[in-house]
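Student: Enclosed is the structure file model-v1.pdb (PDB, C-alpha atoms and all ligand atoms).
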ATOM      1  CA  MET A  21       2.438   2.976 -21.266  1.00  0.00           C
ATOM      2  CA  GLN A  22      -1.275   3.440 -21.813  1.00  0.00           C
ATOM      3  CA  THR A  23      -2.130   4.566 -25.351  1.00  0.00           C
ATOM      4  CA  LEU A  24      -4.723   7.350 -25.348  1.00  0.00           C
ATOM      5  CA  TYR A  25      -4.870   7.951 -29.089  1.00  0.00           C
ATOM      6  CA  ASN A  26      -3.105   6.560 -32.124  1.00  0.00           C
ATOM      7  CA  GLY A  27      -3.049   9.184 -34.861  1.00  0.00           C
ATOM      8  CA  LYS A  28      -1.664   9.348 -38.403  1.00  0.00           C
ATOM      9  CA  ALA A  29       1.712  10.835 -37.438  1.00  0.00           C
ATOM     10  CA  LYS A  30       1.699  10.800 -33.624  1.00  0.00           C
ATOM     11  CA  THR A  31       0.702   8.528 -30.755  1.00  0.00           C
ATOM     12  CA  LEU A  32      -0.477  10.009 -27.454  1.00  0.00           C
ATOM     13  CA  PHE A  33       0.333   8.118 -24.271  1.00  0.00           C
ATOM     14  CA  ALA A  34      -0.822   8.780 -20.720  1.00  0.00           C
ATOM     15  CA  GLY A  35       1.706  10.975 -18.907  1.00  0.00           C
ATOM     16  CA  PRO A  36       3.169  10.578 -15.415  1.00  0.00           C
ATOM     17  CA  SER A  37       0.292  12.624 -13.928  1.00  0.00           C
ATOM     18  CA  PRO A  38      -3.384  12.717 -14.968  1.00  0.00           C
ATOM     19  CA  ASP A  39      -3.071  16.244 -16.401  1.00  0.00           C
ATOM     20  CA  THR A  40      -0.183  15.343 -18.762  1.00  0.00           C
ATOM     21  CA  ILE A  41       0.295  13.341 -21.952  1.00  0.00           C
ATOM     22  CA  ILE A  42       3.320  12.044 -23.840  1.00  0.00           C
ATOM     23  CA  ILE A  43       3.354  12.953 -27.529  1.00  0.00           C
ATOM     24  CA  PHE A  44       5.364  10.448 -29.571  1.00  0.00           C
ATOM     25  CA  PHE A  45       6.222  11.354 -33.172  1.00  0.00           C
ATOM     26  CA  LYS A  46       5.967   8.369 -35.501  1.00  0.00           C
ATOM     27  CA  ASP A  47       7.922   7.627 -38.658  1.00  0.00           C
ATOM     28  CA  THR A  48       4.684   7.521 -40.648  1.00  0.00           C
ATOM     29  CA  VAL A  49       3.677  10.216 -43.115  1.00  0.00           C
ATOM     30  CA  THR A  50       0.276  10.612 -44.753  1.00  0.00           C
ATOM     31  CA  ALA A  51      -1.264  12.983 -47.264  1.00  0.00           C
ATOM     32  CA  GLY A  52      -4.684  13.479 -48.827  1.00  0.00           C
ATOM     33  CA  ASN A  53      -6.587  12.414 -45.680  1.00  0.00           C
ATOM     34  CA  GLY A  54      -4.485   9.254 -45.342  1.00  0.00           C
ATOM     35  CA  VAL A  55      -4.887   8.103 -48.959  1.00  0.00           C
ATOM     36  CA  LYS A  56      -1.131   8.397 -49.578  1.00  0.00           C
ATOM     37  CA  HIS A  57       1.008   6.994 -46.771  1.00  0.00           C
ATOM     38  CA  ALA A  58       4.510   5.747 -46.067  1.00  0.00           C
ATOM     39  CA  THR A  59       6.900   4.908 -43.260  1.00  0.00           C
ATOM     40  CA  ILE A  60      10.155   6.854 -43.314  1.00  0.00           C
ATOM     41  CA  PRO A  61      12.581   5.760 -40.574  1.00  0.00           C
ATOM     42  CA  GLY A  62      14.035   8.859 -38.893  1.00  0.00           C
ATOM     43  CA  LYS A  63      11.146  11.184 -39.770  1.00  0.00           C
ATOM     44  CA  GLY A  64       9.606  11.056 -36.284  1.00  0.00           C
ATOM     45  CA  ALA A  65      12.811  12.134 -34.578  1.00  0.00           C
ATOM     46  CA  LEU A  66      13.110  15.106 -36.975  1.00  0.00           C
ATOM     47  CA  THR A  67       9.512  16.341 -36.554  1.00  0.00           C
ATOM     48  CA  ALA A  68       9.834  15.849 -32.776  1.00  0.00           C
ATOM     49  CA  GLN A  69      13.105  17.793 -32.477  1.00  0.00           C
ATOM     50  CA  ILE A  70      11.892  20.616 -34.740  1.00  0.00           C
ATOM     51  CA  SER A  71       8.620  20.866 -32.768  1.00  0.00           C
ATOM     52  CA  ILE A  72      10.418  20.859 -29.423  1.00  0.00           C
ATOM     53  CA  LYS A  73      12.782  23.640 -30.486  1.00  0.00           C
ATOM     54  CA  LEU A  74       9.949  25.794 -31.878  1.00  0.00           C
ATOM     55  CA  PHE A  75       7.710  25.340 -28.820  1.00  0.00           C
ATOM     56  CA  GLU A  76      10.667  26.237 -26.576  1.00  0.00           C
ATOM     57  CA  MET A  77      11.288  29.355 -28.669  1.00  0.00           C
ATOM     58  CA  LEU A  78       7.657  30.444 -28.318  1.00  0.00           C
ATOM     59  CA  LYS A  79       7.516  29.666 -24.593  1.00  0.00           C
ATOM     60  CA  ASP A  80       7.486  33.250 -23.280  1.00  0.00           C
ATOM     61  CA  SER A  81       5.241  34.593 -26.067  1.00  0.00           C
ATOM     62  CA  VAL A  82       2.449  32.107 -26.828  1.00  0.00           C
ATOM     63  CA  PRO A  83       0.965  29.838 -24.132  1.00  0.00           C
ATOM     64  CA  SER A  84       1.166  26.210 -25.307  1.00  0.00           C
ATOM     65  CA  HIS A  85       0.740  22.635 -24.137  1.00  0.00           C
ATOM     66  CA  TYR A  86       4.499  21.964 -24.327  1.00  0.00           C
ATOM     67  CA  ILE A  87       6.145  21.100 -20.996  1.00  0.00           C
ATOM     68  CA  LYS A  88       9.522  19.468 -21.745  1.00  0.00           C
ATOM     69  CA  LYS A  89      11.493  17.233 -24.067  1.00  0.00           C
ATOM     70  CA  LEU A  90      11.457  13.565 -23.028  1.00  0.00           C
ATOM     71  CA  ASP A  91      13.643  11.878 -25.645  1.00  0.00           C
ATOM     72  CA  ALA A  92      14.573  12.097 -29.338  1.00  0.00           C
ATOM     73  CA  GLN A  93      11.038  11.295 -30.463  1.00  0.00           C
ATOM     74  CA  SER A  94       8.708  12.619 -27.750  1.00  0.00           C
ATOM     75  CA  PHE A  95       7.784  15.474 -25.452  1.00  0.00           C
ATOM     76  CA  LEU A  96       5.618  15.893 -22.378  1.00  0.00           C
ATOM     77  CA  ALA A  97       2.553  18.115 -22.785  1.00  0.00           C
ATOM     78  CA  LYS A  98      -0.453  19.308 -20.841  1.00  0.00           C
ATOM     79  CA  LYS A  99      -3.552  17.206 -21.403  1.00  0.00           C
ATOM     80  CA  LEU A 100      -6.142  19.302 -23.217  1.00  0.00           C
ATOM     81  CA  GLN A 101      -9.563  19.092 -24.697  1.00  0.00           C
ATOM     82  CA  ILE A 102      -8.665  19.822 -28.320  1.00  0.00           C
ATOM     83  CA  LEU A 103     -11.048  22.128 -30.197  1.00  0.00           C
ATOM     84  CA  PRO A 104     -12.265  20.486 -33.450  1.00  0.00           C
ATOM     85  CA  LEU A 105     -10.755  23.313 -35.520  1.00  0.00           C
ATOM     86  CA  GLU A 106      -7.665  23.659 -37.668  1.00  0.00           C
ATOM     87  CA  VAL A 107      -6.391  27.205 -37.717  1.00  0.00           C
ATOM     88  CA  VAL A 108      -4.477  27.892 -40.928  1.00  0.00           C
ATOM     89  CA  VAL A 109      -2.275  30.982 -41.237  1.00  0.00           C
ATOM     90  CA  ARG A 110      -1.165  31.925 -44.735  1.00  0.00           C
ATOM     91  CA  ASN A 111       1.591  34.340 -45.738  1.00  0.00           C
ATOM     92  CA  TYR A 112       1.611  33.270 -49.390  1.00  0.00           C
ATOM     93  CA  ALA A 113      -1.024  31.498 -51.497  1.00  0.00           C
ATOM     94  CA  THR A 114      -0.486  27.833 -52.277  1.00  0.00           C
ATOM     95  CA  GLY A 115      -2.265  24.524 -51.725  1.00  0.00           C
ATOM     96  CA  SER A 116      -6.014  24.451 -51.157  1.00  0.00           C
ATOM     97  CA  ILE A 117      -6.557  28.229 -51.373  1.00  0.00           C
ATOM     98  CA  VAL A 118      -5.098  28.349 -54.880  1.00  0.00           C
ATOM     99  CA  LYS A 119      -7.566  25.673 -55.987  1.00  0.00           C
ATOM    100  CA  ARG A 120     -10.506  27.263 -54.129  1.00  0.00           C
ATOM    101  CA  LEU A 121     -10.040  30.910 -55.100  1.00  0.00           C
ATOM    102  CA  GLY A 122      -7.937  30.660 -58.255  1.00  0.00           C
ATOM    103  CA  LEU A 123      -5.135  32.825 -56.889  1.00  0.00           C
ATOM    104  CA  PRO A 124      -1.646  32.817 -58.420  1.00  0.00           C
ATOM    105  CA  ARG A 125       0.649  30.484 -56.454  1.00  0.00           C
ATOM    106  CA  GLY A 126       3.045  32.515 -54.327  1.00  0.00           C
ATOM    107  CA  GLN A 127       0.851  35.639 -54.057  1.00  0.00           C
ATOM    108  CA  ALA A 128       1.547  37.365 -50.715  1.00  0.00           C
ATOM    109  CA  PHE A 129      -1.128  38.008 -48.095  1.00  0.00           C
ATOM    110  CA  GLN A 130      -0.512  41.195 -46.133  1.00  0.00           C
ATOM    111  CA  PRO A 131      -1.789  40.985 -43.444  1.00  0.00           C
ATOM    112  CA  PRO A 132      -1.496  37.209 -43.237  1.00  0.00           C
ATOM    113  CA  LEU A 133      -4.738  35.312 -43.726  1.00  0.00           C
ATOM    114  CA  VAL A 134      -6.209  33.345 -40.808  1.00  0.00           C
ATOM    115  CA  GLU A 135      -8.735  30.640 -41.706  1.00  0.00           C
ATOM    116  CA  PHE A 136     -10.646  28.049 -39.686  1.00  0.00           C
ATOM    117  CA  PHE A 137     -11.332  24.503 -40.912  1.00  0.00           C
ATOM    118  CA  TYR A 138     -13.559  21.876 -39.313  1.00  0.00           C
ATOM    119  CA  LYS A 139     -11.449  18.948 -38.083  1.00  0.00           C
ATOM    120  CA  SER A 140     -13.442  16.108 -39.590  1.00  0.00           C
ATOM    121  CA  ASP A 141     -11.889  13.360 -41.735  1.00  0.00           C
ATOM    122  CA  ALA A 142     -15.404  12.232 -42.777  1.00  0.00           C
ATOM    123  CA  LEU A 143     -16.198  15.722 -44.137  1.00  0.00           C
ATOM    124  CA  HIS A 144     -12.638  16.317 -45.489  1.00  0.00           C
ATOM    125  CA  ASP A 145     -11.943  19.265 -43.137  1.00  0.00           C
ATOM    126  CA  PRO A 146     -14.267  21.890 -44.714  1.00  0.00           C
ATOM    127  CA  LEU A 147     -13.510  25.615 -44.520  1.00  0.00           C
ATOM    128  CA  LEU A 148     -15.709  27.360 -41.929  1.00  0.00           C
ATOM    129  CA  CYS A 149     -16.895  30.931 -41.680  1.00  0.00           C
ATOM    130  CA  LEU A 150     -17.499  32.528 -38.278  1.00  0.00           C
ATOM    131  CA  ALA A 151     -21.253  31.961 -38.551  1.00  0.00           C
ATOM    132  CA  HIS A 152     -20.666  28.204 -39.059  1.00  0.00           C
ATOM    133  CA  ILE A 153     -18.395  28.033 -36.020  1.00  0.00           C
ATOM    134  CA  GLN A 154     -21.047  29.763 -33.936  1.00  0.00           C
ATOM    135  CA  ALA A 155     -23.933  27.678 -35.326  1.00  0.00           C
ATOM    136  CA  LEU A 156     -22.055  24.426 -34.655  1.00  0.00           C
ATOM    137  CA  GLY A 157     -20.923  25.645 -31.208  1.00  0.00           C
ATOM    138  CA  LEU A 158     -17.289  24.797 -31.970  1.00  0.00           C
ATOM    139  CA  ALA A 159     -15.762  27.769 -30.119  1.00  0.00           C
ATOM    140  CA  THR A 160     -16.932  30.920 -28.346  1.00  0.00           C
ATOM    141  CA  PRO A 161     -16.316  34.371 -29.892  1.00  0.00           C
ATOM    142  CA  HIS A 162     -13.731  34.984 -27.145  1.00  0.00           C
ATOM    143  CA  GLU A 163     -11.907  31.712 -27.924  1.00  0.00           C
ATOM    144  CA  LEU A 164     -11.924  32.568 -31.645  1.00  0.00           C
ATOM    145  CA  ALA A 165     -10.420  35.996 -30.996  1.00  0.00           C
ATOM    146  CA  GLN A 166      -7.775  34.447 -28.730  1.00  0.00           C
ATOM    147  CA  MET A 167      -6.902  31.764 -31.298  1.00  0.00           C
ATOM    148  CA  GLU A 168      -6.511  34.398 -33.986  1.00  0.00           C
ATOM    149  CA  THR A 169      -4.263  36.512 -31.737  1.00  0.00           C
ATOM    150  CA  TYR A 170      -2.078  33.514 -30.792  1.00  0.00           C
ATOM    151  CA  ALA A 171      -1.985  32.338 -34.412  1.00  0.00           C
ATOM    152  CA  ARG A 172      -0.848  35.759 -35.692  1.00  0.00           C
ATOM    153  CA  HIS A 173       1.749  36.048 -32.948  1.00  0.00           C
ATOM    154  CA  THR A 174       3.111  32.527 -33.610  1.00  0.00           C
ATOM    155  CA  ASN A 175       3.234  33.305 -37.320  1.00  0.00           C
ATOM    156  CA  ALA A 176       5.116  36.584 -36.814  1.00  0.00           C
ATOM    157  CA  LEU A 177       7.736  34.955 -34.572  1.00  0.00           C
ATOM    158  CA  LEU A 178       8.229  31.873 -36.763  1.00  0.00           C
ATOM    159  CA  THR A 179       8.308  33.960 -39.965  1.00  0.00           C
ATOM    160  CA  ASP A 180      11.199  36.049 -38.595  1.00  0.00           C
ATOM    161  CA  TYR A 181      12.990  33.005 -37.202  1.00  0.00           C
ATOM    162  CA  PHE A 182      12.860  31.039 -40.472  1.00  0.00           C
ATOM    163  CA  TRP A 183      13.672  34.096 -42.598  1.00  0.00           C
ATOM    164  CA  ALA A 184      16.992  34.383 -40.764  1.00  0.00           C
ATOM    165  CA  LEU A 185      17.642  30.731 -41.776  1.00  0.00           C
ATOM    166  CA  GLY A 186      16.936  31.442 -45.442  1.00  0.00           C
ATOM    167  CA  LEU A 187      13.450  29.912 -45.314  1.00  0.00           C
ATOM    168  CA  LYS A 188      10.069  31.491 -46.095  1.00  0.00           C
ATOM    169  CA  LEU A 189       7.187  30.366 -43.883  1.00  0.00           C
ATOM    170  CA  ILE A 190       4.464  30.023 -46.514  1.00  0.00           C
ATOM    171  CA  ASP A 191       1.612  28.741 -44.348  1.00  0.00           C
ATOM    172  CA  MET A 192       0.919  26.528 -41.354  1.00  0.00           C
ATOM    173  CA  LYS A 193      -1.816  24.703 -39.509  1.00  0.00           C
ATOM    174  CA  LEU A 194      -2.254  25.230 -35.777  1.00  0.00           C
ATOM    175  CA  GLU A 195      -4.478  23.472 -33.278  1.00  0.00           C
ATOM    176  CA  PHE A 196      -5.681  24.679 -29.913  1.00  0.00           C
ATOM    177  CA  GLY A 197      -7.103  23.068 -26.802  1.00  0.00           C
ATOM    178  CA  LYS A 198      -8.450  23.942 -23.380  1.00  0.00           C
ATOM    179  CA  THR A 199      -7.289  22.913 -19.911  1.00  0.00           C
ATOM    180  CA  PRO A 200     -10.023  21.815 -17.454  1.00  0.00           C
ATOM    181  CA  ASP A 201     -10.163  25.423 -16.121  1.00  0.00           C
ATOM    182  CA  GLY A 202     -10.851  26.751 -19.645  1.00  0.00           C
ATOM    183  CA  THR A 203      -7.405  28.182 -20.444  1.00  0.00           C
ATOM    184  CA  LEU A 204      -6.764  28.156 -24.191  1.00  0.00           C
ATOM    185  CA  LEU A 205      -3.349  26.802 -25.249  1.00  0.00           C
ATOM    186  CA  LEU A 206      -1.551  26.244 -28.548  1.00  0.00           C
ATOM    187  CA  ALA A 207      -1.401  22.458 -29.039  1.00  0.00           C
ATOM    188  CA  ASP A 208      -0.376  19.754 -31.523  1.00  0.00           C
ATOM    189  CA  GLU A 209       2.988  20.118 -33.295  1.00  0.00           C
ATOM    190  CA  LEU A 210       5.081  22.733 -35.097  1.00  0.00           C
ATOM    191  CA  SER A 211       6.984  20.948 -37.841  1.00  0.00           C
ATOM    192  CA  PRO A 212       7.394  20.698 -41.629  1.00  0.00           C
ATOM    193  CA  ASP A 213       4.555  18.126 -41.502  1.00  0.00           C
ATOM    194  CA  THR A 214       2.136  20.963 -40.689  1.00  0.00           C
ATOM    195  CA  MET A 215       3.780  24.032 -42.242  1.00  0.00           C
ATOM    196  CA  ARG A 216       5.175  24.925 -45.633  1.00  0.00           C
ATOM    197  CA  LEU A 217       8.745  26.176 -45.791  1.00  0.00           C
ATOM    198  CA  TRP A 218      10.341  27.313 -49.042  1.00  0.00           C
ATOM    199  CA  ASP A 219      13.972  28.173 -49.594  1.00  0.00           C
ATOM    200  CA  ALA A 220      14.014  31.978 -49.668  1.00  0.00           C
ATOM    201  CA  ARG A 221      16.038  32.096 -52.889  1.00  0.00           C
ATOM    202  CA  THR A 222      15.015  29.045 -54.953  1.00  0.00           C
ATOM    203  CA  HIS A 223      11.491  28.460 -53.547  1.00  0.00           C
ATOM    204  CA  GLU A 224      12.350  24.752 -53.221  1.00  0.00           C
ATOM    205  CA  SER A 225      10.018  23.002 -50.733  1.00  0.00           C
ATOM    206  CA  PHE A 226      11.413  21.789 -47.409  1.00  0.00           C
ATOM    207  CA  ASP A 227       8.140  20.399 -46.054  1.00  0.00           C
ATOM    208  CA  LYS A 228       5.525  17.680 -46.546  1.00  0.00           C
ATOM    209  CA  ASP A 229       4.833  18.883 -50.109  1.00  0.00           C
ATOM    210  CA  VAL A 230       8.023  16.936 -51.014  1.00  0.00           C
ATOM    211  CA  PHE A 231       6.038  13.784 -50.131  1.00  0.00           C
ATOM    212  CA  ARG A 232       2.596  15.013 -51.303  1.00  0.00           C
ATOM    213  CA  GLU A 233       3.916  15.929 -54.731  1.00  0.00           C
ATOM    214  CA  ASP A 234       6.760  13.361 -55.058  1.00  0.00           C
ATOM    215  CA  LYS A 235       9.321  16.155 -55.318  1.00  0.00           C
ATOM    216  CA  GLY A 236      12.272  14.268 -53.796  1.00  0.00           C
ATOM    217  CA  ASP A 237      13.381  12.758 -50.511  1.00  0.00           C
ATOM    218  CA  LEU A 238      11.369  13.893 -47.485  1.00  0.00           C
ATOM    219  CA  LEU A 239      14.044  12.937 -44.971  1.00  0.00           C
ATOM    220  CA  THR A 240      16.672  15.010 -46.812  1.00  0.00           C
ATOM    221  CA  ALA A 241      14.321  18.024 -46.778  1.00  0.00           C
ATOM    222  CA  TYR A 242      13.513  17.717 -43.056  1.00  0.00           C
ATOM    223  CA  ARG A 243      17.201  17.145 -42.233  1.00  0.00           C
ATOM    224  CA  GLU A 244      18.030  20.404 -44.004  1.00  0.00           C
ATOM    225  CA  VAL A 245      15.444  22.303 -41.915  1.00  0.00           C
ATOM    226  CA  ALA A 246      16.881  20.721 -38.746  1.00  0.00           C
ATOM    227  CA  ARG A 247      20.434  21.552 -39.858  1.00  0.00           C
ATOM    228  CA  ARG A 248      19.579  25.220 -40.468  1.00  0.00           C
ATOM    229  CA  MET A 249      17.910  25.279 -37.020  1.00  0.00           C
ATOM    230  CA  GLY A 250      21.166  24.080 -35.479  1.00  0.00           C
ATOM    231  CA  LEU A 251      19.731  20.672 -34.485  1.00  0.00           C
TER     232      LEU A 251
HETATM  233  O1  LIG A 301      -2.316  20.891 -47.701  1.00  0.00           O
HETATM  234  P1  LIG A 301      -3.512  21.347 -48.481  1.00  0.00           P
HETATM  235  O2  LIG A 301      -3.196  22.044 -49.770  1.00  0.00           O
HETATM  236  O3  LIG A 301      -4.569  20.293 -48.590  1.00  0.00           O
HETATM  237  O4  LIG A 301      -4.226  22.393 -47.526  1.00  0.00           O
HETATM  238  P2  LIG A 301      -3.906  23.903 -47.181  1.00  0.00           P
HETATM  239  O5  LIG A 301      -5.181  24.401 -46.597  1.00  0.00           O
HETATM  240  O6  LIG A 301      -3.341  24.650 -48.330  1.00  0.00           O
HETATM  241  O7  LIG A 301      -2.796  23.805 -46.044  1.00  0.00           O
HETATM  242  C1  LIG A 301      -2.314  24.940 -45.368  1.00  0.00           C
HETATM  243  C2  LIG A 301      -1.236  24.523 -44.402  1.00  0.00           C
HETATM  244  O8  LIG A 301      -1.815  23.728 -43.358  1.00  0.00           O
HETATM  245  C3  LIG A 301      -0.126  23.663 -45.007  1.00  0.00           C
HETATM  246  O9  LIG A 301       1.105  24.026 -44.399  1.00  0.00           O
HETATM  247  C4  LIG A 301      -0.499  22.260 -44.631  1.00  0.00           C
HETATM  248  O10 LIG A 301       0.653  21.450 -44.478  1.00  0.00           O
HETATM  249  C5  LIG A 301      -1.200  22.467 -43.301  1.00  0.00           C
HETATM  250  N1  LIG A 301      -2.254  21.477 -43.064  1.00  0.00           N
HETATM  251  C6  LIG A 301      -2.082  20.491 -42.103  1.00  0.00           C
HETATM  252  O11 LIG A 301      -1.048  20.435 -41.452  1.00  0.00           O
HETATM  253  N2  LIG A 301      -3.077  19.584 -41.865  1.00  0.00           N
HETATM  254  C7  LIG A 301      -4.236  19.625 -42.547  1.00  0.00           C
HETATM  255  N3  LIG A 301      -5.185  18.740 -42.276  1.00  0.00           N
HETATM  256  C8  LIG A 301      -4.420  20.624 -43.520  1.00  0.00           C
HETATM  257  C9  LIG A 301      -3.421  21.530 -43.757  1.00  0.00           C
END
Show me, as structure tokens, the structure contained in the file I just sent.
Ligand code: CDP

Tutor:
Amino acid sequence: MQTLYNGKAKTLFAGPSPDTIIIFFKDTVTAGNGVKHATIPGKGALTAQISIKLFEMLKDSVPSHYIKKLDAQSFLAKKLQILPLEVVVRNYATGSIVKRLGLPRGQAFQPPLVEFFYKSDALHDPLLCLAHIQALGLATPHELAQMETYARHTNALLTDYFWALGLKLIDMKLEFGKTPDGTLLLADELSPDTMRLWDARTHESFDKDVFREDKGDLLTAYREVARRMGL
């Protein structure tokens, strides 16, 4: 298989047709822009299966790159031109926003906050305001509005879904891309690597913070998410 891109947690291979790619979830985990890293056998299968189930759940509500499951660790997706933006949706304050704005950890955002970050490892993914996005030509006003709509819709559906499993969706990072005809689609992954999930009762983390903050065993946390999802 031809490798198109080898990322920190996923490898992209050429798909069976020129407009498709195979997304393979690796057992590697990184934090702090790759400064902290590890290999955790079994992690890739968990993030793949969780992503596949969530994309399938969203299928009729939010247009995405997901086509079908291929095996335990990969799915087939539409080939896109990914926009260099990370769209972060926050229901509760934690992580970078607590440091930036001095908010109390766990403070609720109602309505949820939608933020855009510049996807640039060299610049450490800086927060962007709309004027920056326009000045840098990163997305059109129409694309921005569409991303915000899809992000809010994804957040509402996943919040309800996880709540029923005793998990609070704290925040998540989404990525978007465009097909050659300009159609905007939700891309990347939907897993505890890119979202924060807290137990609704104890507020224990079941996401990558377990690794970031050395709070226990990452595989055990991801297995618990998968178990509650019926995987
Ligand atoms: O994770 P950190 O505190 O650095 O950043 P954040 O802006 O508080 O992260 C918000 C959400 O986006 C969390 O669920 C992160 O896991 C996720 N995120 C991500 O998946 N990839 C990034 N490059 C940055 C954030």

Student: Within 9 Å of ligand LIG 301 (chain A) (counting all atoms listed in the file), which residues show up? I'd like them as a PyMOL selection string.

Tutor: chain A and resi 51-53+106-110+113-119+135+137+139+141+144-145+147+189-194+211-217+227-229+232

Student: What's around Ala159 in chain A at 9 Å? Count all atoms listed in the file, leave out sequence neighbours fewer than 5 positions away in its own chain, and write the answer as an mmCIF file with C-alpha atoms, keeping the file's coordinate frame.

Tutor:
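Result written to around_13.cif:
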data_model
loop_
_atom_site.group_PDB
_atom_site.id
_atom_site.type_symbol
_atom_site.label_atom_id
_atom_site.label_comp_id
_atom_site.auth_asym_id
_atom_site.auth_seq_id
_atom_site.Cartn_x
_atom_site.Cartn_y
_atom_site.Cartn_z
ATOM 1 C CA LEU A 103 -11.048 22.128 -30.197
ATOM 2 C CA PRO A 104 -12.265 20.486 -33.450
ATOM 3 C CA LEU A 105 -10.755 23.313 -35.520
ATOM 4 C CA ILE A 153 -18.395 28.033 -36.020
ATOM 5 C CA GLN A 154 -21.047 29.763 -33.936
ATOM 6 C CA LEU A 164 -11.924 32.568 -31.645
#

Student: Record the distance separating CA of Gln93 in chain A and CA of Gly64 in chain A, expressed in Å with one decimal.

Tutor: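 Separating CA of Gln93 in chain A from CA of Gly64 in chain A is a distance of 6.0 Å.
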
Student: For the point (7.7, 33.9, -39.6) in the file's frame, write as a PyMOL selection string all residues with an atom no more than 12 Å away, counting only C-alpha atoms.

Tutor: chain A and resi 74+78+109-112+132+171-192+215-218

Student: Evaluate the PyMOL selection byres (((chain A and resi 27) around 12) and not hetatm) and record the selected residues as a VMD selection string, following the chain and residue labels used in the document.

Tutor: chain A and resid 23 to 26 28 to 33 43 to 50 53 to 54 141 208

Student: Please give the centre and size of the box around range 159-165 of chain A (axis-aligned, containing every atom listed in the file, 5 Å added per side), with values in Å to one decimal and written as lines of an AutoDock Vina configuration file.

Tutor:
center_x = -13.7
center_y = 31.9
center_z = -29.4
size_x = 16.5
size_y = 18.2
size_z = 14.5

Student: Quick one, how far is CA of Gly250 in chain A from CA of Ala128 in chain A?

Tutor: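 Taking CA of Gly250 in chain A and CA of Ala128 in chain A, their separation equals 28.2 Å.
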
Student: Let me make sure I understand: among A:Leu150, A:Pro38, A:Val245, A:Val230, which one has the smallest atom-to-atom distance to Ala165 in chain A if we use all atoms listed in the file?

Tutor: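 Ranking A:Leu150, A:Pro38, A:Val245, A:Val230 by distance to Ala165 in chain A, first place goes to A:Leu150.
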
Student: So what do you get for CA of Ala97 in chain A versus CA of Ala241 in chain A, distance-wise?

Tutor: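 Between these atoms lies a distance of 26.7 Å.
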
Student: If the PyMOL selection byres (((chain A and resi 91) around 10) and not hetatm) were run on this exact file, what residues would it hold? Put them as a count of residues only.

Tutor: 12

Student: Skipping near chain neighbours, those fewer than 4 positions away, what residues fall within 8 Å of Ala207 in chain A using all atoms listed in the file, listed as a compact mmCIF listing (two decimals) with C-alpha atoms, in the frame of the given file?

Tutor:
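Output below, filename around-v2.txt:
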# COMPACT_ATOMS: atom_id res chain seq x y z
CA SER A 84 1.17 26.21 -25.31
CA HIS A 85 0.74 22.64 -24.14
CA TYR A 86 4.50 21.96 -24.33
CA ILE A 102 -8.66 19.82 -28.32
CA LEU A 194 -2.25 25.23 -35.78
CA GLU A 195 -4.48 23.47 -33.28
CA PHE A 196 -5.68 24.68 -29.91
CA GLY A 197 -7.10 23.07 -26.80

Student: Which of these residues is nearest to His223 in chain A, using all atoms listed in the file: A:Lys99, A:His152, A:Lys63, A:Arg125?

Tutor: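 Looking at the shortest contact to His223 in chain A, the residue is A:Arg125.
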
Student: From the list A:Ala155, A:Leu143, A:Leu100, A:Met249, which residue is nearest Gly202 in chain A when using only C-alpha atoms?

Tutor: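 Of A:Ala155, A:Leu143, A:Leu100, A:Met249, the one nearest Gly202 in chain A is A:Leu100, counting only C-alpha atoms.
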
Student: Identify which of the residues A:Ile70, A:Lys98, A:Lys56, A:Glu163 lies closest to Thr199 in chain A, counting only C-alpha atoms when measuring atom-to-atom distances.

Tutor: A:Lys98

Student: Considering only C-alpha atoms, can you say which of A:Ile87, A:Met77, A:Leu66, A:Leu239 comes closest to Leu251 in chain A?

Tutor: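 With only C-alpha atoms as the atom set, the closest residue is A:Leu66.
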
Student: Which residue, A:Leu156, A:Met167, A:Leu121, A:Asp80, has the smallest gap to Phe136 in chain A when you use all atoms listed in the file?

Tutor: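 Checking each candidate against Phe136 in chain A, we get A:Met167 as the closest.
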